[in-house]
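Peer 1: Sharing data_34.csv below, CSV, C-alpha atoms:
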```
chain,number,residue,atom,x,y,z
E,254,MET,CA,-205.7,172.6,-39.6
E,255,ALA,CA,-204.2,169.3,-38.8
E,256,GLY,CA,-206.6,167.0,-36.9
E,257,LYS,CA,-209.6,169.2,-37.6
E,258,ILE,CA,-212.7,167.1,-38.1
E,259,THR,CA,-214.4,167.9,-41.3
E,260,LYS,CA,-217.1,166.0,-43.1
E,261,SER,CA,-215.2,166.3,-46.3
E,262,SER,CA,-212.1,164.4,-45.1
E,263,LYS,CA,-214.3,161.3,-44.9
E,264,HIS,CA,-215.4,161.9,-48.4
E,265,ILE,CA,-211.8,162.5,-49.5
E,266,GLU,CA,-210.6,159.2,-47.9
E,267,PHE,CA,-213.5,157.3,-49.4
E,268,TYR,CA,-213.0,158.8,-52.9
E,269,LEU,CA,-209.2,158.1,-52.7
E,270,GLY,CA,-210.0,154.4,-51.9
E,271,VAL,CA,-212.3,154.2,-54.8
E,272,SER,CA,-210.0,155.9,-57.3
E,273,GLU,CA,-206.8,154.1,-56.2
E,274,VAL,CA,-208.4,150.7,-56.4
E,275,ALA,CA,-210.0,151.4,-59.8
E,276,PRO,CA,-207.1,150.4,-62.0
E,277,ILE,CA,-207.0,147.0,-60.3
E,278,LEU,CA,-210.5,146.3,-61.7
E,279,ILE,CA,-208.8,145.6,-65.1
E,280,GLY,CA,-207.6,142.3,-63.5
E,281,VAL,CA,-210.5,141.7,-61.1
E,282,ILE,CA,-213.4,141.9,-63.6
E,283,PRO,CA,-212.1,139.2,-66.0
E,284,PHE,CA,-211.6,137.0,-63.0
E,285,GLY,CA,-215.1,137.6,-61.8
E,286,ILE,CA,-216.5,136.8,-65.3
E,287,THR,CA,-214.4,133.7,-65.4
E,288,PHE,CA,-215.8,132.6,-62.1
E,289,GLY,CA,-219.4,133.2,-63.3
E,290,VAL,CA,-218.8,131.1,-66.4
E,291,LEU,CA,-217.1,128.3,-64.4
E,292,GLY,CA,-220.0,128.1,-62.0
E,293,ALA,CA,-222.4,127.1,-64.7
E,294,GLU,CA,-219.8,124.8,-66.3
E,295,TYR,CA,-219.3,122.9,-63.1
E,296,GLY,CA,-223.1,122.4,-62.6
E,297,PHE,CA,-224.0,125.2,-60.2
E,298,THR,CA,-227.2,127.2,-60.6
E,299,ALA,CA,-227.0,130.9,-61.4
E,300,VAL,CA,-228.3,131.8,-57.9
E,301,GLN,CA,-225.7,129.6,-56.2
E,302,THR,CA,-222.9,130.9,-58.3
E,303,PHE,CA,-223.9,134.5,-57.8
E,304,LEU,CA,-224.5,134.3,-54.1
E,305,MET,CA,-221.2,132.5,-53.6
E,306,SER,CA,-219.5,135.7,-54.8
E,307,SER,CA,-221.5,137.7,-52.2
E,308,ILE,CA,-221.2,135.2,-49.3
E,309,ILE,CA,-217.6,134.0,-49.7
E,310,PHE,CA,-216.2,137.0,-51.6
E,311,ALA,CA,-212.7,135.6,-52.1
E,312,GLY,CA,-212.0,134.6,-55.7
E,313,ALA,CA,-209.4,131.9,-55.6
E,314,SER,CA,-211.2,130.0,-52.8
E,315,GLN,CA,-214.5,130.2,-54.8
E,316,VAL,CA,-212.9,128.6,-57.8
E,317,ALA,CA,-211.5,125.9,-55.5
E,318,PHE,CA,-214.9,125.5,-54.0
E,319,ILE,CA,-216.7,124.8,-57.3
E,320,GLN,CA,-213.9,122.5,-58.5
E,321,LEU,CA,-214.0,120.4,-55.3
E,322,ALA,CA,-217.8,120.3,-55.0
E,323,SER,CA,-218.2,119.3,-58.6
E,324,THR,CA,-216.0,116.2,-58.0
E,325,GLY,CA,-218.2,115.1,-55.1
E,326,THR,CA,-215.8,116.2,-52.3
E,327,VAL,CA,-217.4,116.1,-48.8
E,328,PRO,CA,-218.4,119.5,-47.4
E,329,LEU,CA,-215.9,119.3,-44.5
E,330,ILE,CA,-213.0,119.1,-46.9
E,331,ILE,CA,-214.4,121.9,-49.1
E,332,ILE,CA,-214.7,124.1,-46.1
E,333,LEU,CA,-211.2,123.3,-44.8
E,334,SER,CA,-209.8,124.0,-48.3
E,335,VAL,CA,-211.5,127.4,-48.4
E,336,GLY,CA,-210.2,128.1,-44.9
E,337,ILE,CA,-206.6,127.2,-45.8
E,338,ILE,CA,-206.7,129.2,-49.0
E,339,ASN,CA,-208.0,132.2,-47.1
E,340,LEU,CA,-205.7,131.7,-44.1
E,341,ARG,CA,-203.6,134.6,-45.4
E,342,HIS,CA,-206.4,136.9,-44.5
E,343,VAL,CA,-205.5,136.5,-40.8
E,344,LEU,CA,-202.2,138.1,-41.6
E,345,TYR,CA,-204.0,141.0,-43.4
E,346,SER,CA,-206.3,141.3,-40.4
E,347,ALA,CA,-203.3,141.5,-38.1
E,348,ALA,CA,-201.3,143.9,-40.3
E,349,ILE,CA,-204.2,146.3,-40.6
E,350,SER,CA,-205.6,145.9,-37.1
E,351,ARG,CA,-203.8,148.8,-35.5
E,352,TYR,CA,-205.3,151.2,-38.0
E,353,LEU,CA,-208.8,150.0,-37.2
E,354,ALA,CA,-208.2,149.5,-33.4
E,355,GLY,CA,-210.4,152.4,-32.2
E,356,LEU,CA,-213.4,151.6,-34.3
E,357,PRO,CA,-216.6,150.1,-32.8
E,358,VAL,CA,-217.6,146.5,-33.8
E,359,LYS,CA,-220.3,147.8,-36.2
E,360,TRP,CA,-217.5,149.2,-38.3
E,361,LYS,CA,-215.1,146.3,-37.8
E,362,ILE,CA,-217.6,143.8,-39.2
E,363,PRO,CA,-218.2,145.3,-42.6
E,364,LEU,CA,-214.6,146.4,-43.0
E,365,SER,CA,-213.5,142.8,-42.3
E,366,TYR,CA,-215.9,141.4,-44.8
E,367,LEU,CA,-214.5,143.8,-47.4
E,368,LEU,CA,-210.8,142.9,-46.6
E,369,THR,CA,-209.8,141.1,-49.9
E,370,ASP,CA,-206.3,140.8,-51.3
E,371,GLN,CA,-206.7,143.9,-53.4
E,372,ALA,CA,-208.5,146.0,-50.8
E,373,PHE,CA,-205.7,145.1,-48.3
E,374,ALA,CA,-203.0,145.9,-50.8
E,375,VAL,CA,-204.0,149.4,-51.6
E,376,THR,CA,-205.3,150.2,-48.0
E,377,ILE,CA,-202.2,149.1,-46.1
E,378,LYS,CA,-200.1,151.1,-48.5
E,379,HIS,CA,-202.2,154.2,-47.9
E,380,MET,CA,-202.3,153.8,-44.2
E,381,GLU,CA,-198.6,153.2,-43.9
E,382,ASN,CA,-197.9,156.3,-45.9
E,383,GLU,CA,-200.4,158.5,-44.1
E,384,GLY,CA,-200.0,157.1,-40.6
E,385,GLU,CA,-202.8,156.7,-38.2
E,386,SER,CA,-205.6,159.1,-39.0
E,387,GLU,CA,-209.1,159.4,-37.8
E,388,PHE,CA,-210.8,158.7,-41.1
E,389,SER,CA,-208.5,156.3,-42.9
E,390,HIS,CA,-211.0,153.5,-42.5
E,391,TYR,CA,-213.1,155.3,-45.1
E,392,TYR,CA,-210.4,154.5,-47.6
E,393,LEU,CA,-210.8,150.8,-46.9
E,394,LEU,CA,-214.6,151.3,-47.2
E,395,GLY,CA,-214.3,153.0,-50.5
E,396,SER,CA,-211.8,150.5,-52.0
E,397,GLY,CA,-213.7,147.6,-50.5
E,398,ILE,CA,-217.1,148.6,-51.8
E,399,THR,CA,-215.7,149.3,-55.3
E,400,LEU,CA,-214.2,145.8,-55.4
E,401,TRP,CA,-217.3,144.2,-54.0
E,402,LEU,CA,-219.5,145.8,-56.7
E,403,ALA,CA,-217.1,144.9,-59.4
E,404,TRP,CA,-217.0,141.3,-58.2
E,405,GLN,CA,-220.7,140.9,-58.0
E,406,ALA,CA,-221.3,142.6,-61.3
E,407,SER,CA,-218.6,140.6,-63.1
E,408,THR,CA,-219.8,137.3,-61.7
E,409,LEU,CA,-223.3,138.2,-63.0
E,410,ILE,CA,-221.9,139.1,-66.4
E,411,GLY,CA,-220.1,135.7,-66.5
E,412,ILE,CA,-223.3,133.9,-65.5
E,413,LEU,CA,-225.4,135.7,-68.1
E,414,LEU,CA,-223.0,135.7,-71.0
E,415,GLY,CA,-221.5,132.3,-70.4
E,416,LYS,CA,-218.4,133.6,-72.2
E,417,THR,CA,-215.1,134.6,-70.8
E,418,ILE,CA,-212.8,137.3,-72.1
E,419,PRO,CA,-210.3,135.6,-74.5
E,420,GLU,CA,-207.5,134.1,-72.5
E,421,GLU,CA,-204.9,135.3,-75.0
E,422,LEU,CA,-205.5,138.8,-73.6
E,423,ASN,CA,-204.0,137.7,-70.3
E,424,LEU,CA,-206.0,140.4,-68.4
E,425,GLY,CA,-205.6,138.4,-65.2
E,426,PHE,CA,-201.9,139.4,-65.3
E,427,ALA,CA,-202.9,142.9,-64.2
E,428,ILE,CA,-203.4,141.6,-60.7
E,429,PRO,CA,-199.8,140.5,-60.0
E,430,LEU,CA,-198.7,143.8,-61.8
E,431,VAL,CA,-200.7,145.8,-59.2
E,432,PHE,CA,-199.1,143.9,-56.3
E,433,LEU,CA,-195.7,144.5,-57.9
E,434,ALA,CA,-196.4,148.2,-58.2
E,435,LEU,CA,-197.4,148.4,-54.5
E,436,ILE,CA,-194.4,146.5,-53.0
E,437,ALA,CA,-191.7,147.8,-55.4
E,438,PRO,CA,-190.9,151.0,-53.5
E,439,GLU,CA,-190.2,149.1,-50.2
E,440,ILE,CA,-188.1,146.5,-52.0
E,441,VAL,CA,-185.9,149.2,-53.5
E,442,LYS,CA,-185.6,151.0,-50.2
E,443,HIS,CA,-184.8,148.2,-47.8
E,444,LYS,CA,-182.6,145.2,-48.3
E,445,SER,CA,-184.7,143.2,-45.8
E,446,HIS,CA,-187.8,143.7,-47.9
E,447,ALA,CA,-186.0,142.8,-51.1
E,448,LEU,CA,-184.7,139.5,-49.6
E,449,SER,CA,-188.1,138.8,-48.0
E,450,ALA,CA,-189.8,139.2,-51.4
E,451,LEU,CA,-187.2,137.1,-53.2
E,452,SER,CA,-187.4,134.2,-50.7
E,453,ALA,CA,-191.2,134.3,-50.5
E,454,GLY,CA,-191.4,134.3,-54.3
E,455,ALA,CA,-188.9,131.5,-54.8
E,456,ALA,CA,-190.6,129.4,-52.2
E,457,ALA,CA,-194.0,130.0,-53.8
E,458,VAL,CA,-192.7,128.7,-57.1
E,459,ILE,CA,-191.1,125.7,-55.5
E,460,LEU,CA,-194.0,124.8,-53.2
E,461,HIS,CA,-196.7,125.6,-55.8
E,462,ASP,CA,-197.8,121.9,-56.1
E,463,LEU,CA,-198.9,121.6,-52.5
E,464,PRO,CA,-202.5,120.8,-52.1
E,465,SER,CA,-205.2,123.4,-51.2
E,466,ASN,CA,-203.0,126.3,-52.1
E,467,LEU,CA,-201.0,125.7,-48.9
E,468,TRP,CA,-198.0,127.2,-50.7
E,469,ILE,CA,-199.4,130.7,-50.1
E,470,ILE,CA,-199.2,130.5,-46.4
E,471,PHE,CA,-195.9,128.6,-46.3
E,472,SER,CA,-194.1,130.8,-48.7
E,473,SER,CA,-195.3,134.0,-47.1
E,474,GLY,CA,-194.2,132.6,-43.7
E,475,ILE,CA,-190.8,132.1,-45.2
E,476,GLY,CA,-190.8,135.6,-46.5
E,477,LEU,CA,-191.8,137.0,-43.1
E,478,ALA,CA,-189.0,135.0,-41.3
E,479,VAL,CA,-186.3,136.1,-43.8
E,480,GLY,CA,-187.4,139.8,-43.6
E,481,VAL,CA,-187.4,139.9,-39.8
E,482,MET,CA,-184.1,138.1,-39.6
E,483,ILE,CA,-182.3,140.3,-42.1
E,484,ASN,CA,-183.8,143.4,-40.4
E,485,ARG,CA,-182.5,142.1,-37.0
E,486,ILE,CA,-179.0,141.3,-38.4
E,487,SER,CA,-178.6,144.6,-40.1
E,488,SER,CA,-179.8,146.6,-37.1
E,489,ASN,CA,-177.5,144.7,-34.8
E,490,ALA,CA,-174.6,145.3,-37.2
E,491,GLY,CA,-175.6,149.0,-37.1
E,492,ASP,CA,-175.4,149.0,-33.3
E,493,LYS,CA,-171.9,147.6,-33.3
E,494,ASN,CA,-170.7,150.1,-35.8
E,495,ARG,CA,-172.0,152.9,-33.7
F,118,MET,CA,-226.2,120.7,-48.3
F,119,ILE,CA,-224.6,122.9,-50.9
F,120,TRP,CA,-226.1,126.0,-49.3
F,121,ALA,CA,-224.8,125.1,-45.9
F,122,THR,CA,-221.4,124.5,-47.3
F,123,ILE,CA,-221.4,127.9,-49.0
F,124,ALA,CA,-222.7,129.6,-45.9
F,125,ILE,CA,-220.1,128.0,-43.6
F,126,SER,CA,-217.3,128.7,-46.1
F,127,GLY,CA,-218.4,132.4,-46.2
F,128,LEU,CA,-218.5,132.5,-42.4
F,129,VAL,CA,-215.0,130.9,-42.1
F,130,THR,CA,-213.6,133.4,-44.6
F,131,PHE,CA,-215.2,136.3,-42.7
F,132,LEU,CA,-213.9,135.1,-39.3
F,133,LEU,CA,-210.4,134.8,-40.7
F,134,ARG,CA,-210.6,138.4,-41.8
F,135,PHE,CA,-212.3,139.6,-38.6
F,136,SER,CA,-210.0,137.6,-36.2
F,137,VAL,CA,-207.3,140.1,-35.3
F,138,ILE,CA,-209.2,143.3,-36.3
F,139,TYR,CA,-211.8,142.3,-33.7
F,140,GLN,CA,-209.3,141.7,-30.9
F,141,VAL,CA,-207.1,144.7,-31.2
F,142,LYS,CA,-208.9,147.4,-29.3
F,143,ARG,CA,-206.2,150.0,-29.0
F,144,SER,CA,-203.2,150.4,-31.3
F,145,ASN,CA,-200.8,149.0,-28.8
F,146,ILE,CA,-199.4,146.2,-30.8
F,147,PRO,CA,-196.0,145.2,-29.3
F,148,GLU,CA,-193.0,146.3,-31.3
F,149,TRP,CA,-191.7,142.8,-32.0
F,150,LEU,CA,-195.0,142.0,-33.7
F,151,GLU,CA,-195.0,145.3,-35.6
F,152,ASN,CA,-191.6,144.3,-36.9
F,153,ILE,CA,-193.1,141.0,-38.3
F,154,LEU,CA,-196.3,142.5,-39.6
F,155,LYS,CA,-194.6,145.1,-41.7
F,156,TYR,CA,-193.3,142.3,-43.9
F,157,VAL,CA,-196.8,140.9,-44.5
F,158,PRO,CA,-197.5,142.8,-47.8
F,159,THR,CA,-194.1,142.2,-49.2
F,160,SER,CA,-194.1,138.5,-48.4
F,161,ILE,CA,-197.6,137.6,-49.5
F,162,PHE,CA,-197.7,139.7,-52.6
F,163,ALA,CA,-194.3,138.4,-53.7
F,164,ALA,CA,-195.6,134.9,-53.1
F,165,LEU,CA,-198.6,135.7,-55.3
F,166,ILE,CA,-196.5,137.5,-58.0
F,167,PHE,CA,-193.8,134.9,-58.6
F,168,PRO,CA,-195.9,131.9,-59.7
F,169,ALA,CA,-198.1,134.2,-61.8
F,170,VAL,CA,-194.9,135.3,-63.7
F,171,PHE,CA,-192.7,132.2,-63.7
F,172,LEU,CA,-195.1,129.3,-64.1
F,173,GLY,CA,-196.5,128.4,-67.5
F,174,ASP,CA,-199.9,126.9,-68.4
F,175,SER,CA,-198.9,123.5,-67.3
F,176,ASN,CA,-197.8,124.8,-63.8
F,177,SER,CA,-194.2,124.2,-64.5
F,178,VAL,CA,-191.4,126.8,-64.4
F,179,GLU,CA,-190.9,128.5,-67.7
F,180,LEU,CA,-187.8,130.6,-67.9
F,181,ILE,CA,-187.2,130.6,-71.7
F,182,GLY,CA,-189.6,132.1,-74.1
F,183,ASN,CA,-191.8,133.3,-71.3
F,184,PRO,CA,-193.0,136.9,-72.1
F,185,LYS,CA,-194.4,137.4,-68.6
F,186,ILE,CA,-190.9,137.6,-67.2
F,187,LEU,CA,-189.9,140.6,-69.4
F,188,ALA,CA,-193.3,142.2,-68.9
F,189,ALA,CA,-192.9,141.9,-65.1
F,190,LEU,CA,-189.3,143.3,-65.2
F,191,ALA,CA,-190.4,146.3,-67.3
F,192,ALA,CA,-193.3,146.8,-65.0
F,193,LEU,CA,-191.0,146.6,-62.0
F,194,ALA,CA,-188.6,149.2,-63.5
F,195,VAL,CA,-191.6,151.6,-64.2
F,196,ALA,CA,-193.0,151.0,-60.7
F,197,ILE,CA,-189.7,151.9,-59.1
F,198,VAL,CA,-189.3,155.1,-61.1
F,199,MET,CA,-192.9,156.3,-61.5
F,200,LYS,CA,-194.4,154.8,-58.3
F,201,ASN,CA,-197.7,154.7,-60.1
F,202,VAL,CA,-200.1,151.7,-60.3
F,203,ILE,CA,-201.9,152.6,-63.6
F,204,ILE,CA,-198.7,153.3,-65.5
F,205,THR,CA,-197.2,150.0,-64.1
F,206,ILE,CA,-200.2,148.0,-65.4
F,207,ILE,CA,-200.1,149.7,-68.8
F,208,THR,CA,-196.4,149.0,-69.2
F,209,GLY,CA,-196.6,145.4,-68.1
F,210,MET,CA,-199.7,144.6,-70.2
F,211,SER,CA,-198.3,146.4,-73.3
F,212,VAL,CA,-195.0,144.5,-73.1
F,213,LEU,CA,-196.8,141.2,-72.6
F,214,TRP,CA,-199.1,141.8,-75.6
F,215,VAL,CA,-196.3,142.9,-77.9
F,216,LEU,CA,-194.2,139.9,-77.0
F,217,THR,CA,-197.1,137.6,-77.3
F,218,LEU,CA,-197.9,138.9,-80.8
F,219,ILE,CA,-194.3,138.6,-82.0
```
Output the file's structure in the form of structure tokens.
Peer 2:
Amino acid sequence: MAGKITKSSKHIEFYLGVSEVAPILIGVIPFGITFGVLGAEYGFTAVQTFLMSSIIFAGASQVAFIQLASTGTVPLIIILSVGIINLRHVLYSAAISRYLAGLPVKWKIPLSYLLTDQAFAVTIKHMENEGESEFSHYYLLGSGITLWLAWQASTLIGILLGKTIPEELNLGFAIPLVFLALIAPEIVKHKSHALSALSAGAAAVILHDLPSNLWIIFSSGIGLAVGVMINRISSNAGDKNR
Amino acid sequence: MIWATIAISGLVTFLLRFSVIYQVKRSNIPEWLENILKYVPTSIFAALIFPAVFLGDSNSVELIGNPKILAALAALAVAIVMKNVIITIITGMSVLWVLTLI
């Protein structure tokens, strides 16, 4: 039956994407609500705040946007900051590109728009496990649309209620926990992944005060370099032992 | 002006996400690049996890009396054994809440 094209396999992939991203909403929804509240606090209209979530659709950079704009920062600097904060998405785009390579542009555009941290996290995991398959992009569509709806709805809730979920609950901590759950198996399996994670993490803590969230791109760059180097060293050593 | 800034910020964000996806037409990415890209999730997510765990409210490193460290370690252990996102979240959040209450 392998490779047989059935309508239901699209549905299965889509549904898998929806269901596997669902737990992440525990962390995403409080973040969206917080953003909705912040928008009003920083002097943005309800429509501006809401449409920012639809147009930009990248939480951390949206928060930076309203903070910068409210202090009278010139538009060019705001746009540059948003660009730098979201630079990591180029790496997501690259890492996921081989799985979307055969798709027409009319698919690539919406899927790119939906490629947030969380959608990438669950989708790349799914695709790496399943390998290249004809309908795996439906998984990204399912997880992406779910996150999109949750983000718009929670922004709206924040705007309307004007009240955030009590900070003491720390619900935002669910997001790093999800990332942890997704990278843990690789870290345990491969030394190169473990050292890559440790060096990227340590660098992120050390570089955290850099402006415009530049630490994200620098520390992940360090993690990439360490992972590749360790991988090369250990495979060379393996060759010699042979 | 604010609308233009929002629109361009959105366009920039979209183009960053679209950049490589658009260009790769067949899955013939060279092996050396594959070898780098497979570390993307590990590196970026570790970079996002560590500050969320180790930094306190004032953005300084908090090693002592920081409940998030134990919560993350418990979650990590569960993630390794169970390989399940929901159970990992429940474990991490429960440990965090219990330690915060104490």
Peer 1: Would you mind listing what lies within 8 Å of F:Met210 as a list in words, with only C-alpha atoms counted and same-chain residues fewer than 3 positions away left out?
Peer 2: Leu424, Phe426 and Ala427 of chain E; Ala188, Ile206, Ile207, Leu213 and Trp214 of chain F
Peer 1: So how many Å separate atom CA of F:Lys200 and atom CA of E:Ile277, to one decimal?
Peer 2: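 If I compute the distance from atom CA of F:Lys200 to atom CA of E:Ile277, I get 15.0 Å.
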Peer 1: Would you pick out the contacts of F:Ala192 at 9 Å or less, using all atoms listed in the file, so that residues sharing its chain but fewer than 6 positions from it are not included, and give the list as number ranges by chain?
Peer 2: E: 430, 433-434; F: 204-210, 212
Peer 1: Please save C-alpha atoms of the selected residues as a PDB file, keeping the file's coordinate frame.
Peer 2:
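Final file, part-v6.pdb:
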```pdb
ATOM      1  CA  LEU E 430    -198.700 143.800 -61.800  1.00  0.00           C
ATOM      2  CA  LEU E 433    -195.700 144.500 -57.900  1.00  0.00           C
ATOM      3  CA  ALA E 434    -196.400 148.200 -58.200  1.00  0.00           C
TER       4      ALA E 434
ATOM      5  CA  ILE F 204    -198.700 153.300 -65.500  1.00  0.00           C
ATOM      6  CA  THR F 205    -197.200 150.000 -64.100  1.00  0.00           C
ATOM      7  CA  ILE F 206    -200.200 148.000 -65.400  1.00  0.00           C
ATOM      8  CA  ILE F 207    -200.100 149.700 -68.800  1.00  0.00           C
ATOM      9  CA  THR F 208    -196.400 149.000 -69.200  1.00  0.00           C
ATOM     10  CA  GLY F 209    -196.600 145.400 -68.100  1.00  0.00           C
ATOM     11  CA  MET F 210    -199.700 144.600 -70.200  1.00  0.00           C
ATOM     12  CA  VAL F 212    -195.000 144.500 -73.100  1.00  0.00           C
TER      13      VAL F 212
END
```
Peer 1: For the point (-187.0, 132.6, -60.4) in file coordinates, what residues are within 9 Å, counting all atoms listed in the file? Give the answer as an mmCIF file with C-alpha atoms, keeping the file's coordinate frame?
Peer 2:
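Contents of part_17.cif, as written:
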```cif
data_model
loop_
_atom_site.group_PDB
_atom_site.id
_atom_site.type_symbol
_atom_site.label_atom_id
_atom_site.label_comp_id
_atom_site.auth_asym_id
_atom_site.auth_seq_id
_atom_site.Cartn_x
_atom_site.Cartn_y
_atom_site.Cartn_z
ATOM 1 C CA LEU E 451 -187.200 137.100 -53.200
ATOM 2 C CA GLY E 454 -191.400 134.300 -54.300
ATOM 3 C CA ALA E 455 -188.900 131.500 -54.800
ATOM 4 C CA VAL E 458 -192.700 128.700 -57.100
ATOM 5 C CA PHE F 167 -193.800 134.900 -58.600
ATOM 6 C CA PRO F 168 -195.900 131.900 -59.700
ATOM 7 C CA VAL F 170 -194.900 135.300 -63.700
ATOM 8 C CA PHE F 171 -192.700 132.200 -63.700
ATOM 9 C CA VAL F 178 -191.400 126.800 -64.400
ATOM 10 C CA LEU F 180 -187.800 130.600 -67.900
#
```
Peer 1: Select, from E:Ile469, E:Ile332, E:Leu414, E:Val327, the residue with the minimum atom-to-atom distance to E:Ala457, counting all atoms listed in the file.
Peer 2: E:Ile469
Peer 1: What is the distance between atom CA of E:Leu291 and atom CA of E:Gly395, in Å to one decimal?
Peer 2: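 According to the coordinates, atom CA of E:Leu291 and atom CA of E:Gly395 are separated by 28.5 Å.
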Peer 1: Here is a test: counting all atoms listed in the file, which residue of E:Val316, E:Ala453, E:Ile412, E:Leu460 is nearest to chain F?
Peer 2: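 Of the candidates, the smallest distance to chain F is held by E:Ala453.
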Peer 1: Could you tell me how far atom CA of E:Val375 sits from atom CA of E:Val335, in Å to one decimal place?
Peer 2: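 Straight-line distance from atom CA of E:Val335 to atom CA of E:Val375 works out to 23.5 Å.
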Peer 1: Leaving out E:Ala347 and any residue of its chain fewer than 2 positions from it, which residues lie within 10 Å of it when counting only C-alpha atoms, given as a list in words?
Peer 2: His342, Val343, Leu344, Tyr345, Ile349, Ser350, Arg351 and Tyr352 of chain E; Arg134, Phe135, Ser136, Val137, Ile138, Tyr139, Gln140, Val141, Ile146, Leu150, Glu151, Leu154 and Val157 of chain F
Peer 1: Tell me which of F:Ile197, F:Gly173, F:Pro147, F:Val215 sits closest to chain E, counting all atoms listed in the file.
Peer 2: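 Nearest candidate to chain E out of F:Ile197, F:Gly173, F:Pro147, F:Val215: F:Ile197.
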Peer 1: Calculated over all atoms listed in the file, which of the candidates E:Gly289, E:Gly397, E:Gly280, E:Pro464 has the smallest distance to chain F?
Peer 2: E:Gly280
Peer 1: Here is a test: counting all atoms listed in the file, which residue of F:Asn183, F:Asn201, F:Ser160, F:Ser175 is nearest to E:Ala456?
Peer 2: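 Using all atoms listed in the file, the shortest distance to E:Ala456 belongs to F:Ser160.
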Peer 1: Output stretch 196-201 of chain F with all heavy atoms present, as an mmCIF file, keeping the file's coordinate frame.
Peer 2:
```cif
data_model
loop_
_atom_site.group_PDB
_atom_site.id
_atom_site.type_symbol
_atom_site.label_atom_id
_atom_site.label_comp_id
_atom_site.auth_asym_id
_atom_site.auth_seq_id
_atom_site.Cartn_x
_atom_site.Cartn_y
_atom_site.Cartn_z
ATOM 1 N N ALA F 196 -192.470 150.783 -62.058
ATOM 2 C CA ALA F 196 -193.000 151.000 -60.700
ATOM 3 C C ALA F 196 -192.036 151.671 -59.810
ATOM 4 O O ALA F 196 -192.408 152.537 -59.018
ATOM 5 C CB ALA F 196 -193.411 149.601 -60.122
ATOM 6 N N ILE F 197 -190.750 151.321 -59.934
ATOM 7 C CA ILE F 197 -189.700 151.900 -59.100
ATOM 8 C C ILE F 197 -189.566 153.404 -59.427
ATOM 9 O O ILE F 197 -189.506 154.259 -58.540
ATOM 10 C CB ILE F 197 -188.380 151.181 -59.253
ATOM 11 C CG1 ILE F 197 -188.489 149.784 -58.641
ATOM 12 C CG2 ILE F 197 -187.246 151.964 -58.606
ATOM 13 C CD1 ILE F 197 -187.353 148.856 -59.014
ATOM 14 N N VAL F 198 -189.526 153.705 -60.715
ATOM 15 C CA VAL F 198 -189.300 155.100 -61.100
ATOM 16 C C VAL F 198 -190.531 155.946 -60.963
ATOM 17 O O VAL F 198 -190.469 157.037 -60.400
ATOM 18 C CB VAL F 198 -188.799 155.118 -62.607
ATOM 19 C CG1 VAL F 198 -188.579 156.553 -63.051
ATOM 20 C CG2 VAL F 198 -187.525 154.308 -62.758
ATOM 21 N N MET F 199 -191.661 155.457 -61.431
ATOM 22 C CA MET F 199 -192.900 156.300 -61.500
ATOM 23 C C MET F 199 -193.726 156.172 -60.212
ATOM 24 O O MET F 199 -194.531 157.056 -59.934
ATOM 25 C CB MET F 199 -193.723 155.915 -62.693
ATOM 26 C CG MET F 199 -192.975 155.801 -63.996
ATOM 27 S SD MET F 199 -192.611 157.393 -64.735
ATOM 28 C CE MET F 199 -194.225 157.842 -65.356
ATOM 29 N N LYS F 200 -193.610 155.067 -59.487
ATOM 30 C CA LYS F 200 -194.400 154.800 -58.300
ATOM 31 C C LYS F 200 -195.925 155.053 -58.595
ATOM 32 O O LYS F 200 -196.652 155.720 -57.868
ATOM 33 C CB LYS F 200 -194.020 155.768 -57.152
ATOM 34 C CG LYS F 200 -192.605 155.529 -56.675
ATOM 35 C CD LYS F 200 -192.318 156.370 -55.427
ATOM 36 C CE LYS F 200 -191.017 156.001 -54.768
ATOM 37 N NZ LYS F 200 -189.839 156.356 -55.569
ATOM 38 N N ASN F 201 -196.374 154.486 -59.704
ATOM 39 C CA ASN F 201 -197.700 154.700 -60.100
ATOM 40 C C ASN F 201 -198.351 153.383 -60.618
ATOM 41 O O ASN F 201 -197.794 152.718 -61.493
ATOM 42 C CB ASN F 201 -197.757 155.755 -61.253
ATOM 43 C CG ASN F 201 -199.156 156.053 -61.748
ATOM 44 O OD1 ASN F 201 -199.901 155.155 -62.146
ATOM 45 N ND2 ASN F 201 -199.513 157.321 -61.728
#
```
